[in-house]
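Peer 1: For reference, the file my_file_36.cif (mmCIF, C-alpha atoms and all ligand atoms) is included below:
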```cif
data_my_file
#
loop_
_atom_site.label_atom_id
_atom_site.label_comp_id
_atom_site.auth_asym_id
_atom_site.auth_seq_id
_atom_site.Cartn_x
_atom_site.Cartn_y
_atom_site.Cartn_z
CA MET A 1 -31.37 -49.47 19.29
CA LYS A 2 -32.51 -46.23 20.84
CA LYS A 3 -32.43 -43.36 18.41
CA LEU A 4 -30.39 -40.34 19.41
CA ASN A 5 -31.69 -36.85 18.76
CA TYR A 6 -28.71 -34.58 18.45
CA SER A 7 -30.16 -31.23 17.54
CA ARG A 8 -32.54 -29.03 19.46
CA ASP A 9 -35.31 -27.06 17.83
CA SER A 10 -34.47 -23.49 18.66
CA HIS A 11 -38.08 -22.30 18.72
CA SER A 12 -39.94 -24.95 20.64
CA GLY A 13 -37.04 -26.13 22.76
CA GLN A 14 -38.02 -29.69 21.90
CA LEU A 15 -35.54 -32.22 20.73
CA GLY A 16 -35.90 -32.82 17.04
CA ARG A 17 -34.05 -33.15 13.79
CA ARG A 18 -33.47 -29.96 11.83
CA PRO A 19 -30.51 -30.68 9.56
CA LEU A 20 -28.44 -27.57 8.90
CA LEU A 21 -28.14 -28.06 5.16
CA GLY A 22 -31.88 -28.61 4.92
CA ARG A 23 -32.44 -25.08 6.19
CA VAL A 24 -29.57 -23.43 4.32
CA GLY A 25 -30.42 -25.20 1.08
CA TRP A 26 -28.22 -25.41 -1.96
CA ARG A 27 -28.67 -21.77 -3.00
CA THR A 28 -26.30 -20.32 -0.38
CA PRO A 29 -23.21 -22.32 -1.39
CA VAL A 30 -23.95 -21.67 -5.06
CA ALA A 31 -24.36 -17.92 -4.38
CA LEU A 32 -21.09 -17.84 -2.40
CA GLY A 33 -19.34 -19.65 -5.22
CA GLY A 34 -20.72 -17.09 -7.67
CA VAL A 35 -19.42 -14.21 -5.53
CA ALA A 36 -15.98 -15.87 -5.36
CA LEU A 37 -15.95 -16.29 -9.16
CA ALA A 38 -17.01 -12.67 -9.69
CA LEU A 39 -14.25 -11.46 -7.34
CA SER A 40 -11.59 -13.52 -9.08
CA ALA A 41 -12.75 -12.09 -12.42
CA CYS A 42 -12.00 -8.55 -11.10
CA ASN A 43 -8.32 -9.41 -10.65
CA VAL A 44 -8.26 -9.59 -6.88
CA THR A 45 -5.40 -12.09 -6.84
CA ASN A 46 -3.42 -9.32 -5.15
CA PHE A 47 -5.60 -9.96 -2.08
CA GLY A 48 -5.48 -6.30 -1.10
CA MET A 49 -1.71 -6.08 -1.27
CA HIS A 50 0.62 -4.08 -3.48
CA SER A 51 2.34 -6.29 -6.05
CA GLY A 52 5.59 -4.55 -5.11
CA ALA A 53 7.41 -1.94 -7.19
CA THR A 54 10.83 -3.26 -6.19
CA SER A 55 12.26 -6.76 -6.59
CA GLN A 56 12.27 -7.02 -2.77
CA GLY A 57 8.64 -5.88 -2.59
CA SER A 58 7.67 -8.38 -5.29
CA ASP A 59 9.31 -11.17 -3.27
CA ILE A 60 7.26 -10.20 -0.21
CA PHE A 61 4.14 -10.04 -2.36
CA HIS A 62 4.69 -13.49 -3.84
CA LEU A 63 5.25 -14.94 -0.38
CA TYR A 64 2.01 -13.39 0.83
CA GLN A 65 0.13 -14.57 -2.26
CA THR A 66 1.42 -18.12 -1.76
CA PHE A 67 0.19 -18.04 1.86
CA ILE A 68 -3.27 -17.04 0.68
CA TYR A 69 -3.36 -19.85 -1.90
CA MET A 70 -2.25 -22.34 0.75
CA ALA A 71 -4.94 -21.04 3.12
CA MET A 72 -7.50 -21.46 0.33
CA GLY A 73 -6.41 -25.08 -0.13
CA VAL A 74 -6.81 -25.71 3.60
CA ALA A 75 -10.21 -24.00 3.53
CA ILE A 76 -11.40 -26.11 0.59
CA VAL A 77 -10.37 -29.34 2.31
CA THR A 78 -11.83 -28.46 5.74
CA PHE A 79 -15.06 -26.91 4.49
CA GLY A 80 -15.37 -29.72 1.96
CA ALA A 81 -15.14 -32.27 4.79
CA LEU A 82 -17.65 -30.26 6.81
CA VAL A 83 -20.15 -30.06 3.95
CA TYR A 84 -19.67 -33.77 3.26
CA VAL A 85 -20.58 -34.61 6.86
CA LEU A 86 -23.59 -32.29 6.76
CA VAL A 87 -24.87 -33.82 3.54
CA ARG A 88 -24.01 -37.41 4.33
CA PHE A 89 -25.31 -37.51 7.90
CA GLY A 90 -27.66 -34.56 8.21
CA ARG A 91 -30.19 -35.06 5.48
CA ARG A 92 -31.77 -38.45 5.86
CA LYS A 93 -34.63 -38.83 8.25
CA ASP A 94 -33.53 -42.06 9.91
CA SER A 95 -29.81 -42.32 9.34
CA GLY A 96 -29.07 -41.85 13.06
CA VAL A 97 -25.69 -40.63 14.31
CA PRO A 98 -22.54 -41.86 12.57
CA ARG A 99 -20.70 -44.82 14.06
CA GLN A 100 -19.07 -43.61 17.29
CA ARG A 101 -15.60 -44.59 18.39
CA HIS A 102 -13.11 -43.61 21.04
CA SER A 103 -10.24 -42.74 18.74
CA ASN A 104 -8.78 -43.20 15.31
CA VAL A 105 -5.01 -43.12 15.54
CA LYS A 106 -4.44 -43.05 11.76
CA ILE A 107 -6.63 -40.00 11.24
CA GLU A 108 -5.14 -38.27 14.29
CA ILE A 109 -1.61 -38.76 12.96
CA VAL A 110 -2.67 -37.42 9.54
CA TYR A 111 -4.31 -34.30 10.93
CA THR A 112 -1.32 -33.61 13.17
CA VAL A 113 1.43 -34.25 10.63
CA ILE A 114 -0.15 -32.32 7.72
CA PRO A 115 -0.52 -29.01 9.66
CA ALA A 116 3.01 -29.46 11.05
CA ILE A 117 4.32 -29.82 7.48
CA ILE A 118 2.33 -26.75 6.37
CA VAL A 119 3.77 -24.67 9.25
CA ALA A 120 7.30 -25.88 8.44
CA VAL A 121 6.87 -24.98 4.76
CA ILE A 122 5.57 -21.51 5.68
CA PHE A 123 8.44 -21.01 8.12
CA PHE A 124 11.21 -21.91 5.68
CA MET A 125 9.61 -19.95 2.83
CA THR A 126 9.43 -16.91 5.14
CA VAL A 127 13.06 -17.25 6.25
CA GLY A 128 14.18 -17.63 2.62
CA THR A 129 12.26 -14.55 1.47
CA GLU A 130 13.35 -12.45 4.45
CA ASN A 131 16.98 -13.31 3.80
CA LYS A 132 16.57 -12.24 0.18
CA VAL A 133 14.78 -9.00 1.11
CA ASP A 134 17.25 -8.11 3.87
CA ALA A 135 20.34 -8.94 1.80
CA VAL A 136 22.50 -5.86 1.32
CA SER A 137 24.59 -5.54 -1.82
CA THR A 138 28.32 -5.02 -1.58
CA LYS A 139 28.40 -3.34 -5.00
CA PRO A 140 25.27 -1.19 -5.26
CA ALA A 141 24.78 1.10 -8.23
CA LEU A 142 23.85 3.92 -5.86
CA ASN A 143 24.51 4.70 -2.20
CA LEU A 144 21.84 6.82 -0.59
CA THR A 145 21.68 8.12 2.98
CA VAL A 146 18.17 8.70 4.31
CA THR A 147 17.82 10.73 7.50
CA GLY A 148 14.54 11.04 9.37
CA PHE A 149 14.10 14.07 11.63
CA GLN A 150 11.28 15.96 13.32
CA TRP A 151 9.57 16.41 10.91
CA GLY A 152 10.97 15.58 7.56
CA TRP A 153 13.44 13.61 5.51
CA ARG A 154 16.84 14.18 3.96
CA PHE A 155 17.90 12.07 0.99
CA ALA A 156 21.65 12.47 0.55
CA TYR A 157 23.10 11.36 -2.80
CA PRO A 158 26.77 11.02 -3.67
CA ASN A 159 28.59 14.22 -4.80
CA GLY A 160 26.87 16.31 -2.14
CA VAL A 161 23.43 16.27 -3.76
CA SER A 162 20.70 16.24 -1.16
CA VAL A 163 16.94 16.57 -1.19
CA VAL A 164 15.33 17.68 2.05
CA THR A 165 11.93 18.63 3.46
CA GLU A 166 11.65 22.39 3.38
CA GLY A 167 8.70 24.26 4.83
CA THR A 168 5.55 22.66 3.50
CA SER A 169 7.12 21.00 0.46
CA TYR A 170 7.52 17.24 0.51
CA PRO A 171 10.86 15.91 -0.70
CA GLN A 172 11.13 13.52 -3.61
CA MET A 173 13.52 10.61 -3.72
CA VAL A 174 14.62 9.73 -7.26
CA LEU A 175 15.76 6.17 -7.93
CA PRO A 176 17.03 4.40 -11.06
CA GLU A 177 14.90 1.49 -12.27
CA GLY A 178 16.46 -1.97 -12.37
CA GLU A 179 19.51 -0.95 -10.33
CA VAL A 180 20.39 -1.65 -6.72
CA THR A 181 20.21 1.33 -4.39
CA LYS A 182 21.76 0.69 -1.01
CA VAL A 183 20.04 2.87 1.59
CA LYS A 184 21.66 3.85 4.85
CA LEU A 185 18.83 4.82 7.19
CA VAL A 186 19.37 6.94 10.30
CA SER A 187 17.44 9.24 12.59
CA LYS A 188 18.54 12.59 13.97
CA ASP A 189 16.22 12.62 16.99
CA VAL A 190 13.41 10.14 17.69
CA VAL A 191 12.13 6.90 16.16
CA HIS A 192 10.76 7.33 12.64
CA GLY A 193 9.66 4.77 10.09
CA PHE A 194 10.63 4.81 6.43
CA TYR A 195 7.57 3.40 4.73
CA VAL A 196 6.71 3.06 1.03
CA ALA A 197 3.49 1.08 0.68
CA ALA A 198 4.01 0.35 -3.03
CA PHE A 199 7.37 -1.26 -2.14
CA ASN A 200 5.78 -3.44 0.60
CA PHE A 201 8.55 -2.04 2.75
CA SER A 202 8.91 -0.34 6.12
CA ARG A 203 11.99 0.06 8.29
CA TYR A 204 12.72 1.92 11.52
CA ALA A 205 14.92 4.98 11.49
CA LEU A 206 16.39 4.75 15.00
CA PRO A 207 18.52 7.33 16.79
CA GLY A 208 21.94 5.80 17.42
CA VAL A 209 21.33 2.86 15.08
CA THR A 210 22.19 2.60 11.40
CA ASN A 211 20.03 0.39 9.23
CA TYR A 212 21.00 -0.69 5.73
CA PHE A 213 18.73 -2.09 3.07
CA ASP A 214 18.56 -2.44 -0.70
CA LEU A 215 15.84 -1.16 -2.98
CA THR A 216 15.78 -2.45 -6.55
CA PRO A 217 12.86 -0.69 -8.26
CA ASN A 218 11.25 -2.70 -11.06
CA LYS A 219 8.45 -0.30 -12.02
CA LEU A 220 8.60 3.24 -13.32
CA GLY A 221 6.37 5.74 -11.56
CA THR A 222 5.89 7.92 -8.52
CA PHE A 223 5.00 6.36 -5.18
CA VAL A 224 3.88 7.80 -1.85
CA GLY A 225 6.18 7.49 1.16
CA ARG A 226 5.33 8.11 4.79
CA CYS A 227 6.71 8.05 8.28
CA SER A 228 5.19 4.95 9.87
CA GLN A 229 6.00 5.75 13.51
CA LEU A 230 4.15 8.38 15.54
CA CYS A 231 7.07 10.73 16.09
CA GLY A 232 5.51 13.90 17.45
CA LEU A 233 3.28 16.83 16.58
CA TYR A 234 3.84 16.99 12.81
CA HIS A 235 4.30 13.27 12.25
CA ALA A 236 1.49 13.32 9.69
CA GLU A 237 3.46 15.88 7.67
CA MET A 238 6.40 13.51 7.21
CA LEU A 239 5.39 12.64 3.68
CA PHE A 240 7.67 12.13 0.74
CA SER A 241 7.52 10.61 -2.70
CA VAL A 242 9.69 8.20 -4.61
CA ARG A 243 10.07 8.71 -8.35
CA VAL A 244 11.51 5.78 -10.25
CA VAL A 245 13.10 6.74 -13.57
CA THR A 246 15.31 5.02 -16.13
CA PRO A 247 19.05 4.89 -15.32
CA ALA A 248 19.73 7.45 -18.10
CA GLN A 249 17.11 9.84 -16.72
CA PHE A 250 18.54 9.27 -13.27
CA SER A 251 22.10 10.26 -14.19
CA ALA A 252 20.75 13.31 -16.02
CA TRP A 253 18.76 14.26 -12.93
CA LEU A 254 21.69 13.69 -10.58
CA SER A 255 24.13 15.77 -12.62
CA SER A 256 21.57 18.59 -12.99
CA GLN A 257 21.10 18.59 -9.21
CA GLY A 258 24.87 18.59 -8.74
CA LYS A 259 25.26 21.69 -10.96
CA GLY A 260 22.46 23.42 -9.08
CA ALA A 261 24.16 22.69 -5.76
CA THR A 262 27.55 24.00 -6.84
CA ALA A 263 26.16 27.04 -8.64
CU CU B 1 8.50 10.50 11.83
#
```
Could I get this file's structure written as structure tokens?
Peer 2:
Amino acid sequence: MKKLNYSRDSHSGQLGRRPLLGRVGWRTPVALGGVALALSACNVTNFGMHSGATSQGSDIFHLYQTFIYMAMGVAIVTFGALVYVLVRFGRRKDSGVPRQRHSNVKIEIVYTVIPAIIVAVIFFMTVGTENKVDAVSTKPALNLTVTGFQWGWRFAYPNGVSVVTEGTSYPQMVLPEGEVTKVKLVSKDVVHGFYVAAFNFSRYALPGVTNYFDLTPNKLGTFVGRCSQLCGLYHAEMLFSVRVVTPAQFSAWLSSQGKGATA
């Protein structure tokens, strides 16, 4: 049988065998594995994403994290198969090319059905999480109206309390931890975006459209908020902050604001 040469020497241009793994050696995979281990030791299981300071944001985070783990599984299987082929058929001097065939129906069905199942799983997980995140409570603990305008925000609480951008001061939204706040989001003029990175949440504030969503903070702290839509000259100044406090601190804050407003 005539031997087939299936790689070309890149320097001489002559046909010859230069197995890939022979050149790469075993050190590269081991080094890459070491880097991966070192990264996982530094708690990078967030994969660059916020873990979510609301229950809705945590749901989004867990969905994203699951996607990454699934992608890692796919990567291990595909790269594992690739490395197997390189080692099994690339190293020996006279092993020749693997047995050639026109098709393998069993394998083709497997590698069509498995990705289809993965896509279906991802789809239904996404729909489930989105429905949870977009669900709006009928009995929220707090109703809050957020208005975006050029160029600032108004956070209107019940009993006439409202916090608004004034001059160069950024407004602060105060929310009770562990309770559902139902936000009614509107715009006075152009398209704005209500965006809190730590909540993994962004939503349009559209003129003529009212959007509703729930925020259920599950972490105490202060978080940066921004306008996520380029809305004109001072768009970059449309900053705000969200301070999450305990329900008791929240009622104390709200009543103190109420007294200030009526005084
Ligand atoms: Cu804006």
Peer 1: Compile the contact shell of Lys219 (chain A) as a ChimeraX atom specification: residues with an atom at most 9 Å away, counting all atoms listed in the file, same-chain residues fewer than 2 positions apart removed.
Peer 2: /A:52-54,177-178,217,221,244-245
Peer 1: Could you list, as a PyMOL selection string, all residues that come within 6 Å of ligand CU 1 (chain B)? Count all atoms listed in the file.
Peer 2: chain A and resi 192+227+229+231+235+238
Peer 1: CA of Pro171 (chain A) to CA of Leu206 (chain A): how many Å, to one decimal?
Peer 2: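 Atom-to-atom, CA of Pro171 (chain A) and CA of Leu206 (chain A) are spaced 20.0 Å apart.
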Peer 1: May I ask for the distance between CA of Ser137 (chain A) and CA of Gln56 (chain A), given in Å to one decimal place?
Peer 2: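 Taking CA of Ser137 (chain A) as the start and CA of Gln56 (chain A) as the end point, the length is 12.4 Å.
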Peer 1: Rounded to one decimal place, report the CA of Val164 (chain A)-CA of Asn143 (chain A) distance in Å.
Peer 2: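 The value is 16.5 Å.
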Peer 1: I'd like to know which of A:Val85, A:Leu254, A:Val119, A:Leu220 is closest to Pro158 (chain A), using all atoms listed in the file.
Peer 2: A:Leu254
Peer 1: Can you list, as a list in words, every protein, DNA or RNA residue that comes within 10 Å of Gly148 (chain A) when you count all atoms listed in the file, leaving out same-chain residues fewer than 6 positions away?
Peer 2: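 After dropping sequence-adjacent residues, the list is Arg154, Phe155, Val164, Thr165, Leu185, Val186, Ser187, Lys188, Asp189, Val190, Val191, His192, Gly193, Phe194, Tyr204, Ala205, Leu206, Pro207, Cys227 and Met238 of chain A.
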Peer 1: Give me a file of those residues, with C-alpha atoms, as a PDB file, in the frame of the given file.
Peer 2:
```
ATOM      1  CA  ARG A 154      16.840  14.180   3.960  1.00  0.00           C
ATOM      2  CA  PHE A 155      17.900  12.070   0.990  1.00  0.00           C
ATOM      3  CA  VAL A 164      15.330  17.680   2.050  1.00  0.00           C
ATOM      4  CA  THR A 165      11.930  18.630   3.460  1.00  0.00           C
ATOM      5  CA  LEU A 185      18.830   4.820   7.190  1.00  0.00           C
ATOM      6  CA  VAL A 186      19.370   6.940  10.300  1.00  0.00           C
ATOM      7  CA  SER A 187      17.440   9.240  12.590  1.00  0.00           C
ATOM      8  CA  LYS A 188      18.540  12.590  13.970  1.00  0.00           C
ATOM      9  CA  ASP A 189      16.220  12.620  16.990  1.00  0.00           C
ATOM     10  CA  VAL A 190      13.410  10.140  17.690  1.00  0.00           C
ATOM     11  CA  VAL A 191      12.130   6.900  16.160  1.00  0.00           C
ATOM     12  CA  HIS A 192      10.760   7.330  12.640  1.00  0.00           C
ATOM     13  CA  GLY A 193       9.660   4.770  10.090  1.00  0.00           C
ATOM     14  CA  PHE A 194      10.630   4.810   6.430  1.00  0.00           C
ATOM     15  CA  TYR A 204      12.720   1.920  11.520  1.00  0.00           C
ATOM     16  CA  ALA A 205      14.920   4.980  11.490  1.00  0.00           C
ATOM     17  CA  LEU A 206      16.390   4.750  15.000  1.00  0.00           C
ATOM     18  CA  PRO A 207      18.520   7.330  16.790  1.00  0.00           C
ATOM     19  CA  CYS A 227       6.710   8.050   8.280  1.00  0.00           C
ATOM     20  CA  MET A 238       6.400  13.510   7.210  1.00  0.00           C
TER      21      MET A 238
END
```
Peer 1: Between A:Phe47, A:Ser55, A:Val196, A:Thr126, which one has atoms that come closest to Thr181 (chain A), using only C-alpha atoms?
Peer 2: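 Among A:Phe47, A:Ser55, A:Val196, A:Thr126, it is A:Ser55 that comes nearest to Thr181 (chain A).
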Peer 1: For the interface of region 105-155 of chain A with region 239-243 of chain A (cut-off 10 Å, counting only C-alpha atoms), please tabulate each contacting residue of region 105-155 of chain A alongside its nearest pair of atoms and their separation in Å to one decimal, rows sorted by chain and increasing number, as a tab-separated table.
Peer 2:
```
residue	atom	partner	partner_atom	distance
A:Trp151	CA	A:Leu239	CA	9.2
A:Gly152	CA	A:Leu239	CA	7.4
A:Trp153	CA	A:Phe240	CA	7.6
A:Arg154	CA	A:Phe240	CA	9.9
```
Peer 1: Which residue out of A:Arg88, A:Val83, A:Asn200, A:Asn46 has the minimum interatomic distance to Thr66 (chain A) when only C-alpha atoms are used?
Peer 2: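 Selected residue with least distance to Thr66 (chain A): A:Asn46.
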Peer 1: Rank A:Ser103, A:Asn211, A:Ser162, A:Gln257 by their smallest atom-to-atom distance to Val136 (chain A), using all atoms listed in the file, and report the top residue only.
Peer 2: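 Between A:Ser103, A:Asn211, A:Ser162, A:Gln257, the residue approaching Val136 (chain A) most closely is A:Asn211.
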Peer 1: Taking into account all atoms listed in the file, which residue in the set A:Ile60, A:Ser228, A:Ser51, A:Tyr84 is nearest to Gly128 (chain A)?
Peer 2: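 Using all atoms listed in the file, Gly128 (chain A) sits closest to A:Ile60.
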Peer 1: From the options A:Met70, A:Ile122, A:Val97, A:Val224, which residue's atoms come nearest to Met173 (chain A), counting only C-alpha atoms?
Peer 2: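 Of the candidates, the smallest distance to Met173 (chain A) is held by A:Val224.
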